[in-house]
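Novice: I have a structure here, written as C-alpha cells, and I will follow up with some questions on it.
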Amino acid sequence: MSDHNGTWWIWKVFWILLVITGVEVALGIVKPEFMLTQVIGTSILNILFIVLTLIKAAYIVQIFMHVKFEKKGLKYALYLPTLILIPYLTFILLTEGSYLFR
Amino acid sequence: MASSAEMTQEENNWGGGSRPLGSRYGKLMMWFFLLSDALTFSGFLTAYGLMRFKFESTWPIAENVFTHFPGLEGDQPLLYVALMTFILIMSSVTMVLAVNAGEKMNRKAVTNWMLWTIVGGFIFVGSQAWEWYHFIIGDSGAVETARQEILHIYNEEGERLSFSQVVHGMEEGHASNHGETFTKAEVLSAMKSNEGMYLMEPGKAGEAFTHEVSVAMFEAGDVVQGANMIHNEYGQKQFANFFFFITGFHGFHVFSGVVINFVIFYNVLLGTYERRGHYRMVEKVGLYWHFVDLVWVFVFTFFYLV
C-alpha cells in the first residue's frame, strides 16, 4: 500500500485505459478491411478486441483493485476460481454450442 | 510459562490472530462477493454469445442499433457508448484517488474525490437511461413476419429505409421515424407501389427476399416499432431481452454503487472514519466501484464492439 508515492501511478493506468478504449472505438468505427479475415471462427478484429479488453481488465484488477500488492494466498483465492471456471464455461458453450444446428 | 517468541506465534495461530491472506474480514468478504458476481456476469455474457451464435442471421449489429448522440443528427455509431465508458473509467480513477487519500488520512481529499465519483456514477446511470429510451422508442421500424422474424426494408440502391422514408418518400421522410407511428396499411401500400423495395434479414450474412416474396411476407405479418421484451424492430428479440437484462443488471450495480458511495461519503463528512482512525470503508466500496467498471469493460466489448 504505502509503496506508492504520490498519485502518478493512478494517472498512468488512467491513460493506458483511455488509450486502449480510444483504439477500440476507432477500430470499431473504421473496421479495417484486412482485420476482417476469419481465423478460428471469428475475425482478427474481434480477437484483438477481446485481447485489448483482457489487458484493460488486468490493469483494473491488478492496480485499481490492488491485487498486485496483496499476499500470494489472496491472489490465488481470487484468480484460480475465475481463471478456471470462466474459461471452462466458455469452452463448454463453444463446443456444445455446435449442437444447436443439428 | 516460557515467554518466548514461539509461544506468541502459537497463541496467534490458534487464537485467531493469524491472517494468512493478509487482509481484514470486511475486505475479504467484499472480494468473495465480487468473485461470485464476476461468475454471474460471465454466465450472462456467455449465454449472450451462445444465443447470438444461434441467431446469427437475425442478430442485430450493435452499430446499426445504438447510433444516436445527443445534439447530433445522423449515424454516430459507438460515440455515445465510448463517452459512457470514459465517464465510468474517470469515476474509477477518482475512486482510487479517494482510497489513496484515505490511506494518508487526508479527509478533505477523500471528500472531494468521493464526490466526483458519485457525480460520475450519476452521469453514467443517466446516460444509460437515455440509451434505453432511444432503444425502446425505436428508429426505422421493421416488418415482423407471421413466423416472428424481423425484416428490414431496403430500396433498389440497397439503402436501409425507415418507415418515414417508405411512406413519405426519400425527400420528405427522415432516416429515423422520430417517434412517429405508422400503421401496417400505410407502410404496406407504400411498399406495394414501389417495385424496388424488398425485405432483408438484419444480421450478418442475412438473406434478402424479392419484392413479391417480401410483399407476401409483409401481408401475413405486421409492423414493429421500437424494442421491448416481446417485439424488437432491430432484429432477433432475444437481443432486446439480453440488452435489457445485462445492461439493466449492470446499471442496477452502478445505481446501488452510487447509493453506497453516497452513504460512505456522508460518513466521511460526519468524520466517522476520522474518529475510527482509518478509512478502510472507503477501500471496500472502492473495490465494489472498480468491479462495476470492470464489468462494463466486458459488456462494452461483447455488446458494442464484437
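Identifiers in the C-alpha cells: chain A, B, ... in order shown; residue index from 1 per chain; ligand index from 1 in order shown.
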Please find the residues of chain B near chain A - the criterion being any atom within 8 Å, counting only C-alpha atoms - and write them as a short mmCIF file (atom, residue, chain, number, x, y, z; two decimals) with C-alpha atoms, in the first residue's frame.

Specialist:
```cif
data_model
loop_
_atom_site.label_atom_id
_atom_site.label_comp_id
_atom_site.auth_asym_id
_atom_site.auth_seq_id
_atom_site.Cartn_x
_atom_site.Cartn_y
_atom_site.Cartn_z
CA PRO B 20 -2.93 -15.84 6.15
CA LEU B 21 -4.47 -13.73 3.40
CA GLY B 22 -3.11 -10.54 4.89
CA TRP B 31 -13.77 -9.81 -2.51
CA PHE B 32 -15.63 -13.10 -2.30
CA LEU B 35 -15.88 -13.16 -7.17
CA ALA B 38 -18.00 -11.99 -11.64
CA LEU B 39 -19.11 -15.57 -12.25
CA SER B 42 -19.68 -14.30 -17.06
CA GLY B 43 -22.72 -16.61 -17.16
CA THR B 46 -21.51 -16.40 -22.38
CA LEU B 50 -24.44 -18.64 -27.41
CA LYS B 54 -27.64 -19.46 -32.75
CA PRO B 77 -22.03 4.56 -34.04
CA LEU B 78 -20.10 3.85 -30.82
CA LEU B 79 -19.53 7.51 -29.93
CA ALA B 82 -17.47 5.50 -25.79
CA PHE B 86 -14.89 7.25 -20.48
CA ILE B 89 -13.24 4.94 -16.19
CA MET B 90 -12.90 8.50 -14.94
CA SER B 92 -12.98 4.70 -11.23
CA VAL B 93 -9.88 6.91 -11.23
CA VAL B 96 -8.66 5.21 -6.46
CA LEU B 97 -7.66 8.76 -5.63
CA ASN B 100 -5.30 6.76 -1.79
CA GLY B 286 -13.77 1.30 -3.83
CA LEU B 287 -13.44 -2.40 -4.67
CA HIS B 290 -13.95 -0.79 -9.62
CA LEU B 294 -14.56 -3.96 -14.77
CA VAL B 297 -15.34 -3.14 -19.87
CA PHE B 298 -16.61 -6.60 -20.82
CA THR B 301 -16.72 -5.29 -25.77
CA LEU B 305 -17.67 -3.98 -30.37
CA VAL B 306 -17.60 -7.68 -31.23
#
```

Novice: I need the residues of segment 32-62 of chain A that end up classed as helix (DSSP H, G or I) by DSSP on the backbone, written out as an MDAnalysis selection string.

Specialist: chainID A and resid 33:36 44:62

Novice: Where does DSSP see strand (DSSP E or B) in segment 51-169 of chain B, if you list the residues as JSON, numbers by chain?

Specialist: {"B": [69, 72, 142, 143, 144, 150, 151, 152, 153, 154, 160]}

Novice: Using only C-alpha atoms, which residue out of B:Val268, B:Val187, B:Val99, B:Met84 lies closest to Asp293 of chain B?

Specialist: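 Of all the options, B:Met84 lies closest to Asp293 of chain B.
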
Novice: With only C-alpha atoms as the atoms that count, which of B:Asn106, B:Phe244, B:Arg52, B:Met197 lies nearest to Gly271 of chain B?

Specialist: B:Asn106

Novice: How far is it from atom CA of Ile123 of chain B to atom CA of Ala62 of chain B, in Å with one decimal?

Specialist: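 Here the two named atoms are 22.1 Å from each other.
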
Novice: Looking at B:Met281, B:Ile264, B:Ala220, B:Val166, which one is nearest to Asn194 of chain B, with distances taken over only C-alpha atoms?

Specialist: B:Val166

Novice: What is the distance, in Å and to one decimal place, between atom CA of Glu63 of chain B and atom CA of Tyr154 of chain B?

Specialist: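 Separation between atom CA of Glu63 of chain B and atom CA of Tyr154 of chain B: 17.5 Å.
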